[in-house]
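Let me begin by presenting the structure, written as structure tokens, before commenting on it.
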Amino acid sequence: MESIGLYPVLAVSGVLFMLGVTGVLTRRNLLIVFMSVELMLNAVNLAFVGFSRHSGLVDGHVIAILVMAVAAAEAAVGLALVILLYRNRLAVQMDELDTLKG
Amino acid sequence: MTEATFFTLFSLIAIGAGTAVITLRNPIQSAVALVVSFFALSAIYALLGAHFVAMLQVLVYAGAIMVLFVFVIMLLNLREETASSWGDLSARALWSIVAAGTLVGGLLIAATSAQHMGFPAAELMPADYGTVEAVGRALFDGRWLLPFEAVSALLTVGVVGAVVLAKRTL
């Protein structure tokens, strides 16, 4: 059975990360920005798992699991902020949220 | 069908669904596309021998986090984005390519410092590679114990913070 190798895994990881950054920079909807952040976290997880397969150690898996926990905490707080913004401002579009702009 | 064939298939699904996440107008459609992307990534993890991580990807990401997202989207009853974009789109797209190029460059520098790029054959891997036992031992046997406890504290703080933020009055 032919093996995959490190380069294809890193290439897929890079493409997913680029999609995530593009989403964060171009979309206005806060929720879709959050989803793009999750996409970036997953891209990095994929790189960790690929390097882990390359080295034969499971430490990359451990980091991937920790990243998932951090992503869960981030989603909980971020979505609470979205609900709060929607309740107080009726807005989840990023260009409508410029109160702190001087 | 070989390992490489399945890897190509699931990679294309993951990238296609990821593209759908950032291009679809309706947040619900984006969320469903993201779930598809997570399932494809889970399959890739399984192909790479990371069975426990693959299971957690489905349970935690596709199961818990995305349900939270869909719940909030439906709670807010969002309208679709009207304007297609804001600001200078081409500059933003350029910056995303720069950021991803930096990541890929760093990864490739790290990768080329390795002796060889191919993966070791499956027979050469530890027999318990990627199983719950191996990952659990790595988690609790010393080096990763402190980060693990720190993450559990972070999750507690996150949950308390979310409740405090979302509560109307304290």
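Residue numbering restarts at 1 in every chain; chains get A, B, ... in the order shown in the structure tokens, and ligands count up from 1 in that same order.
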Per residue of chain A within 6 Å of chain B, what are the shortest atom pair and its distance in Å to one decimal, counting only C-alpha atoms, with rows by chain and residue number, as a Markdown table?
```
| residue | atom | partner | partner_atom | distance |
| --- | --- | --- | --- | --- |
| A:Ile4 | CA | B:Ala4 | CA | 5.6 |
| A:Gly5 | CA | B:Gly118 | CA | 4.1 |
| A:Leu6 | CA | B:Met117 | CA | 5.5 |
| A:Gly14 | CA | B:Val104 | CA | 5.4 |
| A:Met18 | CA | B:Ala100 | CA | 4.8 |
| A:Val21 | CA | B:Ser96 | CA | 5.1 |
| A:Thr22 | CA | B:Ser96 | CA | 5.1 |
| A:Gly23 | CA | B:Ile22 | CA | 5.1 |
| A:Leu25 | CA | B:Arg92 | CA | 5.8 |
| A:His54 | CA | B:Phe119 | CA | 5.1 |
| A:Ala73 | CA | B:Gly158 | CA | 5.1 |
| A:Ala76 | CA | B:Ala162 | CA | 5.9 |
| A:Val77 | CA | B:Ala162 | CA | 4.8 |
| A:Ala80 | CA | B:Ala166 | CA | 5.2 |
| A:Leu84 | CA | B:Ala166 | CA | 5.9 |
```
inquiry  = Which residue is closest to Val58 of chain B? Choose from B:Ala153, B:Phe39, B:Ala127, B:Ala46 and count only C-alpha atoms.
reply    =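 Residue with the minimum atom-to-atom distance to Val58 of chain B: B:Phe39.
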Neighbour list for segment 32-47 of chain A as an mmCIF file with N, CA and C atoms, in the first residue's frame, cut-off 6 Å, only C-alpha atoms, skip fewer than 4 positions in-chain:
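The result, stored in around-v4.cif:
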```cif
data_model
loop_
_atom_site.group_PDB
_atom_site.id
_atom_site.type_symbol
_atom_site.label_atom_id
_atom_site.label_comp_id
_atom_site.auth_asym_id
_atom_site.auth_seq_id
_atom_site.Cartn_x
_atom_site.Cartn_y
_atom_site.Cartn_z
ATOM 1 N N LEU A 10 0.435 18.645 4.307
ATOM 2 C CA LEU A 10 0.714 20.063 4.572
ATOM 3 C C LEU A 10 0.043 20.951 3.527
ATOM 4 N N SER A 13 -3.553 21.239 4.461
ATOM 5 C CA SER A 13 -3.615 22.103 5.640
ATOM 6 C C SER A 13 -3.481 23.572 5.248
ATOM 7 N N LEU A 16 -6.679 24.850 3.477
ATOM 8 C CA LEU A 16 -7.778 25.078 4.432
ATOM 9 C C LEU A 16 -7.522 26.331 5.260
ATOM 10 N N PHE A 17 -6.247 26.531 5.652
ATOM 11 C CA PHE A 17 -5.923 27.730 6.442
ATOM 12 C C PHE A 17 -6.178 28.986 5.618
ATOM 13 N N GLY A 20 -9.766 29.782 5.548
ATOM 14 C CA GLY A 20 -10.190 30.372 6.811
ATOM 15 C C GLY A 20 -9.824 31.842 6.892
ATOM 16 N N GLY A 23 -12.023 33.868 4.692
ATOM 17 C CA GLY A 23 -13.344 34.057 5.279
ATOM 18 C C GLY A 23 -13.340 35.128 6.350
ATOM 19 N N VAL A 24 -12.318 35.116 7.220
ATOM 20 C CA VAL A 24 -12.246 36.116 8.290
ATOM 21 C C VAL A 24 -12.115 37.510 7.696
ATOM 22 N N ALA A 64 -3.654 18.246 19.205
ATOM 23 C CA ALA A 64 -4.899 18.399 18.450
ATOM 24 C C ALA A 64 -6.102 18.349 19.387
#
```
inquiry  = Rounded to one decimal, what separation in Å do you get between atom CA of Val92 of chain A and atom CA of Arg28 of chain A?
reply    =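 Atom-to-atom, atom CA of Val92 of chain A and atom CA of Arg28 of chain A are spaced 8.2 Å apart.
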ask   = Of the residues A:Val58, A:Val67, A:Leu79, A:Met94, which is the one nearest to Thr26 of chain A, using only C-alpha atoms?
value = A:Met94
request  = Enumerate the residues of segment 46-105 of chain B with a DSSP assignment of alpha helix (DSSP H), computed from the backbone, and present them as number ranges by chain.
outcome  = B: 46-47, 51-56, 66-76, 89-105
Suppose we keep N, CA and C atoms; can you now write the selection as an mmCIF file, in the first residue's frame?
```cif
data_model
loop_
_atom_site.group_PDB
_atom_site.id
_atom_site.type_symbol
_atom_site.label_atom_id
_atom_site.label_comp_id
_atom_site.auth_asym_id
_atom_site.auth_seq_id
_atom_site.Cartn_x
_atom_site.Cartn_y
_atom_site.Cartn_z
ATOM 1 N N ALA B 46 -8.380 9.488 10.322
ATOM 2 C CA ALA B 46 -8.401 8.023 10.407
ATOM 3 C C ALA B 46 -7.386 7.418 9.438
ATOM 4 N N LEU B 47 -7.276 8.005 8.229
ATOM 5 C CA LEU B 47 -6.294 7.515 7.257
ATOM 6 C C LEU B 47 -4.877 7.681 7.793
ATOM 7 N N HIS B 51 -6.888 7.467 15.207
ATOM 8 C CA HIS B 51 -8.272 7.015 15.362
ATOM 9 C C HIS B 51 -9.005 7.777 16.459
ATOM 10 N N PHE B 52 -8.317 8.005 17.574
ATOM 11 C CA PHE B 52 -8.969 8.704 18.691
ATOM 12 C C PHE B 52 -9.300 10.140 18.295
ATOM 13 N N VAL B 53 -8.356 10.818 17.627
ATOM 14 C CA VAL B 53 -8.607 12.191 17.201
ATOM 15 C C VAL B 53 -9.750 12.229 16.192
ATOM 16 N N ALA B 54 -9.823 11.211 15.322
ATOM 17 C CA ALA B 54 -10.912 11.160 14.345
ATOM 18 C C ALA B 54 -12.266 11.062 15.052
ATOM 19 N N MET B 55 -12.338 10.217 16.079
ATOM 20 C CA MET B 55 -13.596 10.098 16.828
ATOM 21 C C MET B 55 -13.947 11.411 17.514
ATOM 22 N N LEU B 56 -12.925 12.040 18.145
ATOM 23 C CA LEU B 56 -13.194 13.303 18.844
ATOM 24 C C LEU B 56 -13.610 14.390 17.863
ATOM 25 N N MET B 66 -20.687 22.436 16.425
ATOM 26 C CA MET B 66 -21.534 22.866 15.311
ATOM 27 C C MET B 66 -23.000 22.938 15.717
ATOM 28 N N VAL B 67 -23.429 22.066 16.659
ATOM 29 C CA VAL B 67 -24.799 22.175 17.163
ATOM 30 C C VAL B 67 -24.991 23.528 17.845
ATOM 31 N N LEU B 68 -23.954 23.964 18.595
ATOM 32 C CA LEU B 68 -24.002 25.281 19.234
ATOM 33 C C LEU B 68 -24.150 26.384 18.184
ATOM 34 N N PHE B 69 -23.361 26.267 17.096
ATOM 35 C CA PHE B 69 -23.436 27.267 16.029
ATOM 36 C C PHE B 69 -24.835 27.304 15.421
ATOM 37 N N VAL B 70 -25.349 26.126 15.029
ATOM 38 C CA VAL B 70 -26.662 26.077 14.377
ATOM 39 C C VAL B 70 -27.743 26.599 15.321
ATOM 40 N N PHE B 71 -27.604 26.257 16.612
ATOM 41 C CA PHE B 71 -28.558 26.731 17.614
ATOM 42 C C PHE B 71 -28.591 28.252 17.641
ATOM 43 N N VAL B 72 -27.410 28.879 17.684
ATOM 44 C CA VAL B 72 -27.354 30.344 17.748
ATOM 45 C C VAL B 72 -27.880 30.963 16.459
ATOM 46 N N ILE B 73 -27.526 30.361 15.299
ATOM 47 C CA ILE B 73 -28.002 30.915 14.031
ATOM 48 C C ILE B 73 -29.527 30.910 13.998
ATOM 49 N N MET B 74 -30.122 29.780 14.427
ATOM 50 C CA MET B 74 -31.583 29.689 14.382
ATOM 51 C C MET B 74 -32.221 30.594 15.434
ATOM 52 N N LEU B 75 -31.549 30.753 16.578
ATOM 53 C CA LEU B 75 -32.051 31.630 17.635
ATOM 54 C C LEU B 75 -32.122 33.074 17.142
ATOM 55 N N LEU B 76 -31.107 33.505 16.379
ATOM 56 C CA LEU B 76 -31.028 34.899 15.959
ATOM 57 C C LEU B 76 -31.883 35.177 14.735
ATOM 58 N N LEU B 89 -11.912 44.150 -1.544
ATOM 59 C CA LEU B 89 -11.858 42.684 -1.474
ATOM 60 C C LEU B 89 -10.518 42.128 -1.944
ATOM 61 N N SER B 90 -9.982 42.713 -3.017
ATOM 62 C CA SER B 90 -8.765 42.130 -3.585
ATOM 63 C C SER B 90 -7.609 42.245 -2.600
ATOM 64 N N ALA B 91 -7.541 43.394 -1.867
ATOM 65 C CA ALA B 91 -6.477 43.542 -0.866
ATOM 66 C C ALA B 91 -6.637 42.508 0.228
ATOM 67 N N ARG B 92 -7.902 42.257 0.647
ATOM 68 C CA ARG B 92 -8.128 41.265 1.701
ATOM 69 C C ARG B 92 -7.734 39.872 1.228
ATOM 70 N N ALA B 93 -8.122 39.527 -0.001
ATOM 71 C CA ALA B 93 -7.760 38.212 -0.529
ATOM 72 C C ALA B 93 -6.246 38.076 -0.607
ATOM 73 N N LEU B 94 -5.574 39.159 -0.987
ATOM 74 C CA LEU B 94 -4.106 39.131 -1.062
ATOM 75 C C LEU B 94 -3.511 38.850 0.305
ATOM 76 N N TRP B 95 -4.057 39.526 1.335
ATOM 77 C CA TRP B 95 -3.529 39.306 2.689
ATOM 78 C C TRP B 95 -3.735 37.874 3.148
ATOM 79 N N SER B 96 -4.882 37.293 2.773
ATOM 80 C CA SER B 96 -5.110 35.898 3.173
ATOM 81 C C SER B 96 -4.092 34.988 2.513
ATOM 82 N N ILE B 97 -3.749 35.279 1.239
ATOM 83 C CA ILE B 97 -2.735 34.458 0.564
ATOM 84 C C ILE B 97 -1.376 34.637 1.245
ATOM 85 N N VAL B 98 -1.068 35.881 1.646
ATOM 86 C CA VAL B 98 0.195 36.126 2.355
ATOM 87 C C VAL B 98 0.241 35.339 3.656
ATOM 88 N N ALA B 99 -0.881 35.391 4.428
ATOM 89 C CA ALA B 99 -0.909 34.675 5.718
ATOM 90 C C ALA B 99 -0.753 33.177 5.522
ATOM 91 N N ALA B 100 -1.507 32.618 4.559
ATOM 92 C CA ALA B 100 -1.418 31.178 4.335
ATOM 93 C C ALA B 100 -0.050 30.801 3.791
ATOM 94 N N GLY B 101 0.527 31.688 2.941
ATOM 95 C CA GLY B 101 1.863 31.422 2.433
ATOM 96 C C GLY B 101 2.880 31.364 3.555
ATOM 97 N N THR B 102 2.721 32.267 4.549
ATOM 98 C CA THR B 102 3.623 32.223 5.708
ATOM 99 C C THR B 102 3.490 30.906 6.444
ATOM 100 N N LEU B 103 2.227 30.459 6.648
ATOM 101 C CA LEU B 103 2.020 29.180 7.349
ATOM 102 C C LEU B 103 2.648 28.034 6.565
ATOM 103 N N VAL B 104 2.331 27.952 5.264
ATOM 104 C CA VAL B 104 2.846 26.837 4.471
ATOM 105 C C VAL B 104 4.367 26.891 4.421
ATOM 106 N N GLY B 105 4.934 28.109 4.294
ATOM 107 C CA GLY B 105 6.386 28.237 4.283
ATOM 108 C C GLY B 105 6.996 27.724 5.569
#
```
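Here atom CA of Val82 of chain A and atom CA of Gln29 of chain B stand 18.5 Å from one another.
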